[in-house]
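Shown below: data-v3.pdb, with PDB, C-alpha atoms.
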ATOM      1  CA  MET A  18      14.919  27.509  12.739
ATOM      2  CA  LYS A  19      13.063  26.365  15.818
ATOM      3  CA  ILE A  20      11.360  23.596  13.870
ATOM      4  CA  LYS A  21      14.670  22.471  12.435
ATOM      5  CA  PHE A  22      16.242  22.425  15.866
ATOM      6  CA  ASN A  23      13.334  20.449  17.303
ATOM      7  CA  LEU A  24      13.601  17.878  14.529
ATOM      8  CA  PHE A  25      17.250  17.486  15.312
ATOM      9  CA  ILE A  26      16.551  17.021  18.999
ATOM     10  CA  ILE A  27      13.872  14.434  18.238
ATOM     11  CA  SER A  28      16.216  12.571  15.918
ATOM     12  CA  LEU A  29      18.957  12.638  18.472
ATOM     13  CA  PHE A  30      16.597  11.386  21.163
ATOM     14  CA  ILE A  31      15.383   8.504  19.021
ATOM     15  CA  SER A  32      18.942   7.631  18.111
ATOM     16  CA  LEU A  33      20.044   7.603  21.716
ATOM     17  CA  LEU A  34      17.137   5.369  22.545
ATOM     18  CA  LEU A  35      18.123   2.892  19.890
ATOM     19  CA  LEU A  36      21.879   2.855  20.155
ATOM     20  CA  PRO A  37      22.357   1.194  23.527
ATOM     21  CA  GLY A  38      20.124  -1.685  22.435
ATOM     22  CA  ILE A  39      20.506  -4.473  19.939
ATOM     23  CA  LEU A  40      22.447  -3.431  16.930
ATOM     24  CA  SER A  41      22.716  -6.723  15.137
ATOM     25  CA  ALA A  42      20.743  -9.925  15.374
ATOM     26  CA  ALA A  43      20.532 -12.937  13.153
ATOM     27  CA  SER A  44      18.679 -16.210  13.093
ATOM     28  CA  VAL A  45      20.796 -18.898  11.536
ATOM     29  CA  ASN A  46      19.165 -22.061  10.299
ATOM     30  CA  LEU A  47      21.455 -24.900  11.284
ATOM     31  CA  ASN A  48      21.000 -28.318   9.718
ATOM     32  CA  ALA A  49      21.938 -31.576  11.391
ATOM     33  CA  THR A  50      22.417 -34.946   9.764
ATOM     34  CA  ALA A  51      23.278 -38.493  10.805
ATOM     35  CA  THR A  52      23.429 -41.773   8.974
ATOM     36  CA  ILE A  53      22.404 -44.873  10.872
ATOM     37  CA  GLU A  54      23.515 -48.327   9.920
ATOM     38  CA  ALA A  55      21.953 -51.155  11.867
ATOM     39  CA  ALA A  56      24.146 -53.557  13.767
ATOM     40  CA  THR A  57      24.351 -56.984  12.207
ATOM     41  CA  LEU A  58      24.929 -60.378  13.793
ATOM     42  CA  ASN A  59      25.293 -63.497  11.708
ATOM     43  CA  ALA A  60      26.201 -66.999  12.789
ATOM     44  CA  SER A  61      26.844 -70.016  10.639
ATOM     45  CA  GLN A  62      27.926 -73.531  11.382
ATOM     46  CA  SER A  63      31.440 -74.219  10.214
ATOM     47  CA  ASN A  64      31.299 -77.809  11.349
ATOM     48  CA  GLY A  65      29.010 -79.897  13.524
ATOM     49  CA  ILE A  66      30.073 -81.634  16.699
ATOM     50  CA  ASP A  67      31.357 -85.159  16.064
ATOM     51  CA  PHE A  68      31.952 -87.590  18.924
ATOM     52  CA  GLY A  69      33.906 -89.854  16.612
ATOM     53  CA  THR A  70      33.805 -93.621  16.341
ATOM     54  CA  ILE A  71      33.154 -95.195  19.714
ATOM     55  CA  ILE A  72      33.786 -98.825  20.571
ATOM     56  CA  ILE A  73      31.734 -99.776  23.575
ATOM     57  CA  SER A  74      32.792-102.229  26.224
ATOM     58  CA  ASN A  75      31.197-103.744  29.269
ATOM     59  CA  GLN A  76      30.728-100.470  31.148
ATOM     60  CA  ASP A  77      28.631 -97.400  30.572
ATOM     61  CA  SER A  78      30.972 -94.686  29.376
ATOM     62  CA  THR A  79      31.145 -90.993  28.825
ATOM     63  CA  VAL A  80      32.785 -89.526  25.777
ATOM     64  CA  SER A  81      33.562 -85.875  26.338
ATOM     65  CA  ILE A  82      34.623 -83.008  24.160
ATOM     66  CA  ASP A  83      35.862 -80.122  26.259
ATOM     67  CA  ALA A  84      35.801 -77.193  23.845
ATOM     68  CA  SER A  85      35.616 -74.542  26.530
ATOM     69  CA  GLY A  86      39.101 -73.387  25.616
ATOM     70  CA  GLY A  87      38.810 -73.800  21.856
ATOM     71  CA  GLY A  88      38.677 -76.613  19.350
ATOM     72  CA  ALA A  89      38.980 -80.079  20.906
ATOM     73  CA  THR A  90      38.687 -83.770  20.178
ATOM     74  CA  PRO A  91      36.709 -86.472  22.004
ATOM     75  CA  ALA A  92      38.096 -88.345  24.959
ATOM     76  CA  VAL A  93      36.656 -91.062  27.153
ATOM     77  CA  THR A  94      36.231 -89.548  30.591
ATOM     78  CA  SER A  95      34.457 -92.447  32.286
ATOM     79  CA  GLY A  96      33.987 -96.132  31.567
ATOM     80  CA  ASN A  97      36.113 -98.260  29.328
ATOM     81  CA  ALA A  98      34.872 -97.420  25.851
ATOM     82  CA  SER A  99      37.360 -96.168  23.322
ATOM     83  CA  VAL A 100      37.029 -93.410  20.773
ATOM     84  CA  THR A 101      38.791 -92.393  17.597
ATOM     85  CA  GLY A 102      38.308 -89.331  15.438
ATOM     86  CA  GLY A 103      35.726 -86.678  16.001
ATOM     87  CA  THR A 104      35.942 -83.008  16.778
ATOM     88  CA  SER A 105      34.148 -80.206  18.528
ATOM     89  CA  GLY A 106      31.540 -78.144  16.726
ATOM     90  CA  LEU A 107      32.310 -74.682  15.438
ATOM     91  CA  ILE A 108      30.100 -71.685  14.739
ATOM     92  CA  ASP A 109      31.494 -68.608  13.019
ATOM     93  CA  VAL A 110      30.007 -65.300  14.140
ATOM     94  CA  THR A 111      30.257 -62.102  12.128
ATOM     95  CA  THR A 112      29.205 -58.594  13.099
ATOM     96  CA  ASN A 113      29.755 -54.970  12.156
ATOM     97  CA  ILE A 114      30.214 -53.682  15.698
ATOM     98  CA  ASP A 115      32.443 -54.602  18.603
ATOM     99  CA  ALA A 116      30.158 -56.091  21.195
ATOM    100  CA  ASN A 117      29.498 -58.778  23.740
ATOM    101  CA  VAL A 118      27.046 -61.478  22.774
ATOM    102  CA  THR A 119      25.289 -63.949  24.999
ATOM    103  CA  ILE A 120      25.334 -67.584  24.015
ATOM    104  CA  THR A 121      22.601 -69.876  25.224
ATOM    105  CA  TYR A 122      23.135 -73.616  24.969
ATOM    106  CA  PRO A 123      20.533 -76.323  25.475
ATOM    107  CA  GLY A 124      20.658 -78.405  28.623
ATOM    108  CA  THR A 125      20.529 -81.816  27.015
ATOM    109  CA  VAL A 126      20.257 -82.958  23.435
ATOM    110  CA  ILE A 127      19.164 -86.417  22.385
ATOM    111  CA  ILE A 128      20.640 -88.057  19.327
ATOM    112  CA  ASP A 129      19.341 -91.234  17.775
ATOM    113  CA  ASP A 130      19.969 -93.700  15.013
ATOM    114  CA  GLY A 131      16.476 -93.504  13.602
ATOM    115  CA  VAL A 132      15.242 -96.546  15.452
ATOM    116  CA  PRO A 133      12.817 -95.817  18.270
ATOM    117  CA  GLY A 134      14.491 -96.261  21.607
ATOM    118  CA  ASN A 135      18.025 -96.109  20.330
ATOM    119  CA  THR A 136      19.191 -92.829  21.717
ATOM    120  CA  MET A 137      22.105 -91.194  23.486
ATOM    121  CA  ASP A 138      22.183 -87.978  25.507
ATOM    122  CA  ILE A 139      24.584 -85.091  25.088
ATOM    123  CA  SER A 140      24.762 -83.045  28.271
ATOM    124  CA  ASN A 141      26.968 -80.448  29.932
ATOM    125  CA  ILE A 142      27.147 -78.550  26.674
ATOM    126  CA  THR A 143      27.417 -75.173  28.369
ATOM    127  CA  SER A 144      30.380 -76.087  30.546
ATOM    128  CA  ASN A 145      32.196 -77.740  27.630
ATOM    129  CA  SER A 146      31.700 -74.926  25.109
ATOM    130  CA  THR A 147      32.778 -71.342  24.554
ATOM    131  CA  SER A 148      31.686 -69.354  27.559
ATOM    132  CA  SER A 149      29.101 -66.616  27.506
ATOM    133  CA  PRO A 150      29.173 -63.658  27.148
ATOM    134  CA  LEU A 151      31.581 -63.634  24.268
ATOM    135  CA  SER A 152      33.385 -60.532  23.099
ATOM    136  CA  ILE A 153      33.163 -60.250  19.334
ATOM    137  CA  THR A 154      34.710 -57.724  17.008
ATOM    138  CA  ALA A 155      33.718 -56.254  13.682
ATOM    139  CA  GLY A 156      35.762 -57.873  10.993
ATOM    140  CA  GLY A 157      37.356 -60.220  13.488
ATOM    141  CA  THR A 158      37.375 -63.986  13.766
ATOM    142  CA  ASN A 159      34.663 -64.781  16.236
ATOM    143  CA  GLU A 160      34.288 -68.469  16.983
ATOM    144  CA  VAL A 161      31.970 -70.450  19.191
ATOM    145  CA  HIS A 162      33.284 -73.927  19.935
ATOM    146  CA  ILE A 163      30.796 -76.568  20.975
ATOM    147  CA  GLY A 164      31.466 -79.574  23.173
ATOM    148  CA  GLY A 165      29.615 -81.767  25.611
ATOM    149  CA  ASP A 166      29.405 -85.139  27.311
ATOM    150  CA  LEU A 167      27.974 -88.062  25.377
ATOM    151  CA  ALA A 168      26.558 -90.862  27.496
ATOM    152  CA  VAL A 169      27.135 -94.281  25.962
ATOM    153  CA  THR A 170      25.720 -97.403  27.586
ATOM    154  CA  ALA A 171      27.449-100.743  27.623
ATOM    155  CA  SER A 172      24.586-102.115  25.555
ATOM    156  CA  GLN A 173      24.367 -99.216  23.144
ATOM    157  CA  THR A 174      23.099-100.386  19.760
ATOM    158  CA  SER A 175      25.626 -99.957  17.013
ATOM    159  CA  GLY A 176      24.846 -97.379  14.358
ATOM    160  CA  THR A 177      25.216 -93.758  13.366
ATOM    161  CA  TYR A 178      23.490 -91.417  15.763
ATOM    162  CA  THR A 179      22.557 -87.876  14.781
ATOM    163  CA  GLY A 180      20.702 -84.944  16.251
ATOM    164  CA  THR A 181      20.517 -81.191  16.275
ATOM    165  CA  ILE A 182      21.800 -78.725  18.834
ATOM    166  CA  THR A 183      20.140 -75.316  18.737
ATOM    167  CA  ILE A 184      22.290 -72.476  20.079
ATOM    168  CA  ASP A 185      21.072 -68.907  20.498
ATOM    169  CA  ILE A 186      23.529 -66.043  20.046
ATOM    170  CA  ASN A 187      22.267 -62.527  20.749
ATOM    171  CA  TYR A 188      23.498 -59.050  21.555
TER     172      TYR A 188
ATOM    173  CA  MET B   8      22.347  28.882  17.548
ATOM    174  CA  ILE B   9      22.974  27.701  14.017
ATOM    175  CA  SER B  10      26.605  27.086  14.862
ATOM    176  CA  ILE B  11      25.695  25.019  17.910
ATOM    177  CA  ILE B  12      23.276  22.920  15.913
ATOM    178  CA  SER B  13      25.862  22.251  13.246
ATOM    179  CA  LYS B  14      28.382  21.101  15.811
ATOM    180  CA  LEU B  15      25.804  18.868  17.466
ATOM    181  CA  LYS B  16      24.923  17.423  14.058
ATOM    182  CA  PHE B  17      28.547  16.663  13.418
ATOM    183  CA  PHE B  18      28.983  14.857  16.720
ATOM    184  CA  PHE B  19      25.676  13.102  16.239
ATOM    185  CA  ILE B  20      26.697  11.814  12.821
ATOM    186  CA  ILE B  21      30.047  10.610  14.124
ATOM    187  CA  PHE B  22      28.455   9.030  17.171
ATOM    188  CA  TYR B  23      25.720   7.381  15.172
ATOM    189  CA  ALA B  24      28.070   6.114  12.511
ATOM    190  CA  SER B  25      30.418   4.552  15.034
ATOM    191  CA  SER B  26      27.609   2.921  16.928
ATOM    192  CA  ALA B  27      25.560   1.662  14.027
ATOM    193  CA  LEU B  28      28.195  -0.771  12.852
ATOM    194  CA  CYS B  29      27.073  -4.394  13.011
ATOM    195  CA  ALA B  30      28.894  -7.690  12.673
ATOM    196  CA  ASP B  31      28.536 -10.082   9.764
ATOM    197  CA  ILE B  32      27.143 -13.488  10.672
ATOM    198  CA  THR B  33      27.607 -16.398   8.305
ATOM    199  CA  LYS B  34      26.941 -20.108   8.609
ATOM    200  CA  ILE B  35      30.043 -22.018   7.616
ATOM    201  CA  SER B  36      28.964 -25.610   8.193
ATOM    202  CA  ASP B  37      26.134 -27.698   9.574
ATOM    203  CA  ILE B  38      26.327 -30.383  12.259
ATOM    204  CA  ASP B  39      27.040 -33.869  10.988
ATOM    205  CA  PHE B  40      26.898 -36.729  13.475
ATOM    206  CA  GLY B  41      28.590 -38.964  10.938
ATOM    207  CA  ASN B  42      28.025 -42.542   9.911
ATOM    208  CA  ILE B  43      26.880 -44.492  12.915
ATOM    209  CA  THR B  44      26.744 -48.239  13.171
ATOM    210  CA  ALA B  45      24.173 -48.390  15.899
ATOM    211  CA  SER B  46      24.041 -50.823  18.754
ATOM    212  CA  PRO B  47      20.657 -52.547  18.956
ATOM    213  CA  PHE B  48      20.425 -51.183  22.502
ATOM    214  CA  GLY B  49      20.760 -47.554  21.443
ATOM    215  CA  ASP B  50      23.529 -45.150  22.315
ATOM    216  CA  ILE B  51      24.523 -41.535  22.793
ATOM    217  CA  ILE B  52      26.634 -39.783  20.177
ATOM    218  CA  GLN B  53      28.205 -36.530  21.291
ATOM    219  CA  ILE B  54      29.937 -33.623  19.617
ATOM    220  CA  ASN B  55      31.510 -31.504  22.322
ATOM    221  CA  ALA B  56      32.415 -28.287  20.566
ATOM    222  CA  LEU B  57      32.455 -26.194  23.729
ATOM    223  CA  SER B  58      36.186 -25.634  23.490
ATOM    224  CA  GLY B  59      36.557 -25.757  19.743
ATOM    225  CA  ASP B  60      36.678 -28.296  16.965
ATOM    226  CA  SER B  61      35.192 -31.647  17.858
ATOM    227  CA  TYR B  62      34.200 -34.790  16.074
ATOM    228  CA  PRO B  63      31.424 -37.208  17.011
ATOM    229  CA  PHE B  64      32.144 -39.935  19.509
ATOM    230  CA  VAL B  65      30.158 -42.586  21.359
ATOM    231  CA  ALA B  66      29.573 -41.015  24.747
ATOM    232  CA  SER B  67      27.524 -43.731  26.352
ATOM    233  CA  GLY B  68      30.123 -46.467  26.199
ATOM    234  CA  GLY B  69      27.869 -48.672  24.133
ATOM    235  CA  TYR B  70      28.622 -50.877  21.201
ATOM    236  CA  SER B  71      27.915 -48.305  18.515
ATOM    237  CA  SER B  72      30.684 -46.937  16.375
ATOM    238  CA  VAL B  73      30.848 -43.656  14.512
ATOM    239  CA  SER B  74      32.991 -42.418  11.680
ATOM    240  CA  GLY B  75      33.152 -39.061   9.960
ATOM    241  CA  GLY B  76      30.980 -36.150  10.941
ATOM    242  CA  SER B  77      31.869 -32.788  12.390
ATOM    243  CA  TRP B  78      30.679 -29.873  14.464
ATOM    244  CA  GLY B  79      28.701 -26.968  13.034
ATOM    245  CA  THR B  80      30.165 -23.526  12.612
ATOM    246  CA  ILE B  81      28.723 -20.028  12.421
ATOM    247  CA  ARG B  82      31.218 -17.244  11.817
ATOM    248  CA  VAL B  83      30.910 -13.822  13.348
ATOM    249  CA  GLU B  84      32.977 -11.013  11.877
ATOM    250  CA  PRO B  85      32.927  -8.175  14.404
ATOM    251  CA  ASP B  86      33.133  -4.574  13.391
ATOM    252  CA  GLN B  87      34.783  -3.474  16.563
ATOM    253  CA  PRO B  88      36.226  -4.801  19.808
ATOM    254  CA  GLY B  89      34.000  -5.092  22.811
ATOM    255  CA  GLN B  90      30.898  -6.279  21.040
ATOM    256  CA  THR B  91      28.869  -8.658  23.166
ATOM    257  CA  VAL B  92      27.767 -11.727  21.255
ATOM    258  CA  ASN B  93      24.847 -13.557  22.832
ATOM    259  CA  ILE B  94      23.979 -16.942  21.378
ATOM    260  CA  ASN B  95      20.638 -18.603  21.943
ATOM    261  CA  TYR B  96      20.643 -22.282  21.083
ATOM    262  CA  PRO B  97      17.548 -24.441  20.872
ATOM    263  CA  VAL B  98      17.033 -26.766  23.823
ATOM    264  CA  SER B  99      16.570 -29.686  21.469
ATOM    265  CA  PHE B 100      15.346 -30.549  18.026
ATOM    266  CA  VAL B 101      14.442 -33.617  16.043
ATOM    267  CA  ILE B 102      16.116 -35.098  13.030
ATOM    268  CA  SER B 103      14.094 -37.612  11.105
ATOM    269  CA  LYS B 104      13.838 -40.086   8.301
ATOM    270  CA  GLY B 105      10.188 -40.360   7.456
ATOM    271  CA  ALA B 106       8.440 -41.403  10.644
ATOM    272  CA  ASP B 107      11.664 -42.417  12.361
ATOM    273  CA  GLU B 108      13.168 -39.780  14.622
ATOM    274  CA  MET B 109      16.158 -39.023  16.792
ATOM    275  CA  THR B 110      16.619 -36.116  19.158
ATOM    276  CA  VAL B 111      19.525 -33.700  19.284
ATOM    277  CA  SER B 112      19.811 -32.085  22.708
ATOM    278  CA  GLN B 113      22.297 -30.495  25.137
ATOM    279  CA  ILE B 114      23.332 -28.138  22.383
ATOM    280  CA  SER B 115      24.141 -25.181  24.572
ATOM    281  CA  ILE B 116      26.569 -26.978  26.898
ATOM    282  CA  ASN B 117      28.362 -28.518  23.932
ATOM    283  CA  SER B 118      28.754 -25.294  21.962
ATOM    284  CA  THR B 119      30.508 -21.948  22.097
ATOM    285  CA  GLN B 120      29.245 -19.735  24.900
ATOM    286  CA  ASN B 121      28.474 -16.022  24.810
ATOM    287  CA  PHE B 122      31.569 -13.895  24.343
ATOM    288  CA  ILE B 123      32.874 -10.369  23.890
ATOM    289  CA  THR B 124      34.892  -9.606  20.804
ATOM    290  CA  GLU B 125      38.496  -8.683  21.439
ATOM    291  CA  ASN B 126      39.150  -7.232  18.015
ATOM    292  CA  THR B 127      37.728  -7.408  14.543
ATOM    293  CA  ASP B 128      39.091 -10.853  13.734
ATOM    294  CA  PRO B 129      36.454 -13.419  12.745
ATOM    295  CA  VAL B 130      35.252 -15.620  15.568
ATOM    296  CA  ASP B 131      33.769 -19.053  14.966
ATOM    297  CA  ILE B 132      30.825 -20.244  16.989
ATOM    298  CA  ASN B 133      31.284 -23.996  17.199
ATOM    299  CA  ILE B 134      28.129 -25.976  17.660
ATOM    300  CA  GLY B 135      27.786 -29.473  19.027
ATOM    301  CA  GLY B 136      25.205 -31.488  20.858
ATOM    302  CA  VAL B 137      24.102 -34.931  21.857
ATOM    303  CA  LEU B 138      22.318 -37.324  19.539
ATOM    304  CA  THR B 139      20.202 -39.996  21.180
ATOM    305  CA  ILE B 140      19.869 -43.257  19.304
ATOM    306  CA  LYS B 141      17.008 -45.395  20.492
ATOM    307  CA  ASN B 142      16.863 -49.159  20.743
ATOM    308  CA  SER B 143      16.683 -50.733  17.305
ATOM    309  CA  GLN B 144      16.874 -47.342  15.617
ATOM    310  CA  ALA B 145      15.891 -47.711  11.982
ATOM    311  CA  ALA B 146      18.729 -47.451   9.519
ATOM    312  CA  GLY B 147      18.900 -44.566   7.081
ATOM    313  CA  ASN B 148      19.823 -40.948   6.592
ATOM    314  CA  TYR B 149      18.349 -38.595   9.178
ATOM    315  CA  SER B 150      18.174 -34.833   8.841
ATOM    316  CA  GLY B 151      16.602 -31.866  10.544
ATOM    317  CA  SER B 152      17.223 -28.257  11.387
ATOM    318  CA  ALA B 153      17.125 -25.784  14.223
ATOM    319  CA  VAL B 154      17.438 -22.048  14.576
ATOM    320  CA  VAL B 155      20.338 -20.442  16.400
ATOM    321  CA  ASN B 156      19.717 -16.825  17.348
ATOM    322  CA  ILE B 157      22.696 -14.539  17.629
ATOM    323  CA  ILE B 158      22.382 -11.081  19.111
ATOM    324  CA  ILE B 159      25.223  -8.602  19.024
ATOM    325  CA  ASN B 160      25.364  -5.518  21.173
ATOM    326  CA  ASN B 161      27.846  -2.778  20.707
ATOM    327  CA  PRO B 162      29.895  -1.624  23.675
TER     328      PRO B 162
END
Whole structure, structure tokens version:
Amino acid sequence: MKIKFNLFIISLFISLLLLPGILSAASVNLNATATIEAATLNASQSNGIDFGTIIISNQDSTVSIDASGGGATPAVTSGNASVTGGTSGLIDVTTNIDANVTITYPGTVIIDDGVPGNTMDISNITSNSTSSPLSITAGGTNEVHIGGDLAVTASQTSGTYTGTITIDINY
Amino acid sequence: MISIISKLKFFFIIFYASSALCADITKISDIDFGNITASPFGDIIQINALSGDSYPFVASGGYSSVSGGSWGTIRVEPDQPGQTVNINYPVSFVISKGADEMTVSQISINSTQNFITENTDPVDINIGGVLTIKNSQAAGNYSGSAVVNIIINNP
């Protein structure tokens, strides 16, 4: 009987030791996932800048396209040349995120008619084009309009002048 | 003496039985930070499940966008009122896609805190955190895991 009683006391003691402590514990393995899609930015020329058909006169002239507020057509802003036709350039930008992009225009671009020495300068492109930064939206219509000032001399050789304007668009 | 021992045994059995009850703990859902179109400059995606259900959102104000996703849930089914549930979250862990990694952190402050059961109704532990997307994070499906330790003490 004494042994039985002692066993009971021991059991009770062990139980009392255990009961106030941790009664339930679990380690749960939690998984986490995420899918990343990279942001995209694409730009393509919709149409090049065209200063139109210019008839020179006896003064140096400037033919300007002010596309800072959107699509525009050429106008003579100094001198007495005349101009018909032409339009600002347009770049379409597409993206999959809503973001601001910076647009970097060249300072001056030279166009020529293929004959050495027969050139004209396009300047003030930045101030006559879509301003930077530009807010673009995923799935939206994001346009960059390009303008500038074309310097035409009174003795400018007749012909078709062409050149390339490189514009950087980045997040 | 025999009578006393029998009575003690009876009380001991009752006492032990009432105290030895333990809650059921079951994982209901994992954390999903959703489909993220990531800004090239990186961003912070947060699930703030501190106060309950929460879906991922861009917390850093960047250009990223996120769709879908949800908080994680572990369900505790108490056996009695007054049980203290202590939850130990990892400080951070990594989810990866091959060699590319992202870190999930701030789990504790975005998840359910320790609590005391009021009754025997199931209680959900909602788990969130902050996902850090680095600059030019590689595209793909990232996954990883962490251990959440739950300790339940009876009153």
* Asked: Care to translate the PyMOL selection byres ((chain B) within 6 of (chain A)) into actual residues of this file, as a list in words?
  -> Cys29, Asp37, Ile38, Asp39, Phe40, Gly41, Asn42, Ile43, Thr44, Ala45, Ser46, Tyr70, Ala146, Gly147, Asn148, Tyr149, Ser150, Gly151, Ser152, Ala153, Val154, Val155, Asn156, Ile157, Ile158, Ile159 and Asn160 of chain B
* Asked: For the file shown, what are the residues hit by the PyMOL selection byres ((chain A and resi 140-153) around 10), laid out as a ChimeraX atom specification?
  -> /A:58,81-89,105-107,110-127,137-139,154-168,182,186-188
For the selection you just gave me, I'd like the residues written to a file as a PDB file, in the frame of the given file, keeping C-alpha atoms.
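Contents of result.pdb, freshly written:
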ATOM      1  CA  LEU A  58      24.929 -60.378  13.793  1.00  0.00           C
ATOM      2  CA  SER A  81      33.562 -85.875  26.338  1.00  0.00           C
ATOM      3  CA  ILE A  82      34.623 -83.008  24.160  1.00  0.00           C
ATOM      4  CA  ASP A  83      35.862 -80.122  26.259  1.00  0.00           C
ATOM      5  CA  ALA A  84      35.801 -77.193  23.845  1.00  0.00           C
ATOM      6  CA  SER A  85      35.616 -74.542  26.530  1.00  0.00           C
ATOM      7  CA  GLY A  86      39.101 -73.387  25.616  1.00  0.00           C
ATOM      8  CA  GLY A  87      38.810 -73.800  21.856  1.00  0.00           C
ATOM      9  CA  GLY A  88      38.677 -76.613  19.350  1.00  0.00           C
ATOM     10  CA  ALA A  89      38.980 -80.079  20.906  1.00  0.00           C
ATOM     11  CA  SER A 105      34.148 -80.206  18.528  1.00  0.00           C
ATOM     12  CA  GLY A 106      31.540 -78.144  16.726  1.00  0.00           C
ATOM     13  CA  LEU A 107      32.310 -74.682  15.438  1.00  0.00           C
ATOM     14  CA  VAL A 110      30.007 -65.300  14.140  1.00  0.00           C
ATOM     15  CA  THR A 111      30.257 -62.102  12.128  1.00  0.00           C
ATOM     16  CA  THR A 112      29.205 -58.594  13.099  1.00  0.00           C
ATOM     17  CA  ASN A 113      29.755 -54.970  12.156  1.00  0.00           C
ATOM     18  CA  ILE A 114      30.214 -53.682  15.698  1.00  0.00           C
ATOM     19  CA  ASP A 115      32.443 -54.602  18.603  1.00  0.00           C
ATOM     20  CA  ALA A 116      30.158 -56.091  21.195  1.00  0.00           C
ATOM     21  CA  ASN A 117      29.498 -58.778  23.740  1.00  0.00           C
ATOM     22  CA  VAL A 118      27.046 -61.478  22.774  1.00  0.00           C
ATOM     23  CA  THR A 119      25.289 -63.949  24.999  1.00  0.00           C
ATOM     24  CA  ILE A 120      25.334 -67.584  24.015  1.00  0.00           C
ATOM     25  CA  THR A 121      22.601 -69.876  25.224  1.00  0.00           C
ATOM     26  CA  TYR A 122      23.135 -73.616  24.969  1.00  0.00           C
ATOM     27  CA  PRO A 123      20.533 -76.323  25.475  1.00  0.00           C
ATOM     28  CA  GLY A 124      20.658 -78.405  28.623  1.00  0.00           C
ATOM     29  CA  THR A 125      20.529 -81.816  27.015  1.00  0.00           C
ATOM     30  CA  VAL A 126      20.257 -82.958  23.435  1.00  0.00           C
ATOM     31  CA  ILE A 127      19.164 -86.417  22.385  1.00  0.00           C
ATOM     32  CA  MET A 137      22.105 -91.194  23.486  1.00  0.00           C
ATOM     33  CA  ASP A 138      22.183 -87.978  25.507  1.00  0.00           C
ATOM     34  CA  ILE A 139      24.584 -85.091  25.088  1.00  0.00           C
ATOM     35  CA  THR A 154      34.710 -57.724  17.008  1.00  0.00           C
ATOM     36  CA  ALA A 155      33.718 -56.254  13.682  1.00  0.00           C
ATOM     37  CA  GLY A 156      35.762 -57.873  10.993  1.00  0.00           C
ATOM     38  CA  GLY A 157      37.356 -60.220  13.488  1.00  0.00           C
ATOM     39  CA  THR A 158      37.375 -63.986  13.766  1.00  0.00           C
ATOM     40  CA  ASN A 159      34.663 -64.781  16.236  1.00  0.00           C
ATOM     41  CA  GLU A 160      34.288 -68.469  16.983  1.00  0.00           C
ATOM     42  CA  VAL A 161      31.970 -70.450  19.191  1.00  0.00           C
ATOM     43  CA  HIS A 162      33.284 -73.927  19.935  1.00  0.00           C
ATOM     44  CA  ILE A 163      30.796 -76.568  20.975  1.00  0.00           C
ATOM     45  CA  GLY A 164      31.466 -79.574  23.173  1.00  0.00           C
ATOM     46  CA  GLY A 165      29.615 -81.767  25.611  1.00  0.00           C
ATOM     47  CA  ASP A 166      29.405 -85.139  27.311  1.00  0.00           C
ATOM     48  CA  LEU A 167      27.974 -88.062  25.377  1.00  0.00           C
ATOM     49  CA  ALA A 168      26.558 -90.862  27.496  1.00  0.00           C
ATOM     50  CA  ILE A 182      21.800 -78.725  18.834  1.00  0.00           C
ATOM     51  CA  ILE A 186      23.529 -66.043  20.046  1.00  0.00           C
ATOM     52  CA  ASN A 187      22.267 -62.527  20.749  1.00  0.00           C
ATOM     53  CA  TYR A 188      23.498 -59.050  21.555  1.00  0.00           C
TER      54      TYR A 188
END
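The space separating CA of Asp77 in chain A from CA of Thr181 in chain A comes to 23.1 Å.
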* Which distance in Å separates CA of Pro129 in chain B and CA of Asn95 in chain B, to one decimal? ->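 So the two atoms, CA of Pro129 in chain B and CA of Asn95 in chain B, lie 19.0 Å apart.
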Contacts of range 73-76 of chain A at 8 Å or less, counting only C-alpha atoms, minus same-chain residues fewer than 5 places along, as a PDB file with C-alpha atoms, keeping the file's coordinate frame?
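What landed in selection.pdb:
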ATOM      1  CA  GLY A  96      33.987 -96.132  31.567  1.00  0.00           C
ATOM      2  CA  ASN A  97      36.113 -98.260  29.328  1.00  0.00           C
ATOM      3  CA  ALA A  98      34.872 -97.420  25.851  1.00  0.00           C
ATOM      4  CA  SER A  99      37.360 -96.168  23.322  1.00  0.00           C
ATOM      5  CA  VAL A 169      27.135 -94.281  25.962  1.00  0.00           C
ATOM      6  CA  THR A 170      25.720 -97.403  27.586  1.00  0.00           C
ATOM      7  CA  ALA A 171      27.449-100.743  27.623  1.00  0.00           C
ATOM      8  CA  SER A 172      24.586-102.115  25.555  1.00  0.00           C
ATOM      9  CA  GLN A 173      24.367 -99.216  23.144  1.00  0.00           C
TER      10      GLN A 173
END
* **Between CA of Ser115 in chain B and CA of Val98 in chain B - distance in Å to one decimal** =>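 Between these atoms lies a distance of 7.3 Å.
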* Test item: residues at most 6 Å from Ile128 in chain A, only C-alpha atoms, excluding those fewer than 5 positions along its chain, as a PyMOL selection string -> chain A and resi 136-137+178-180
* To do: Let me know the residues the PyMOL selection byres ((chain B and resi 55) around 12) catches in the file above, as an MDAnalysis selection string.
  => chainID B and resid 38 40 52:54 56:66 77:79 112:119 133:138
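Distance check against Ile66 in chain A using all atoms listed in the file: of A:Thr94, A:Thr79, A:Thr177, A:Thr104, the minimum falls on A:Thr104.
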* To do: Can you work out which one of B:Thr124, B:Val130, B:Ile35, B:Ser72 has the shortest atom-to-atom distance to Thr91 in chain B, counting all atoms listed in the file?
  => B:Thr124
Padding 8 Å on each side, edges along x, y and z: where is the centre of the box around the listed atoms of range 154-173 of chain A, and how long are its edges in Å to one decimal? Output it as lines of an AutoDock Vina configuration file.
center_x = 30.9
center_y = -79.2
center_z = 19.3
size_x = 29.0
size_y = 61.9
size_z = 32.6
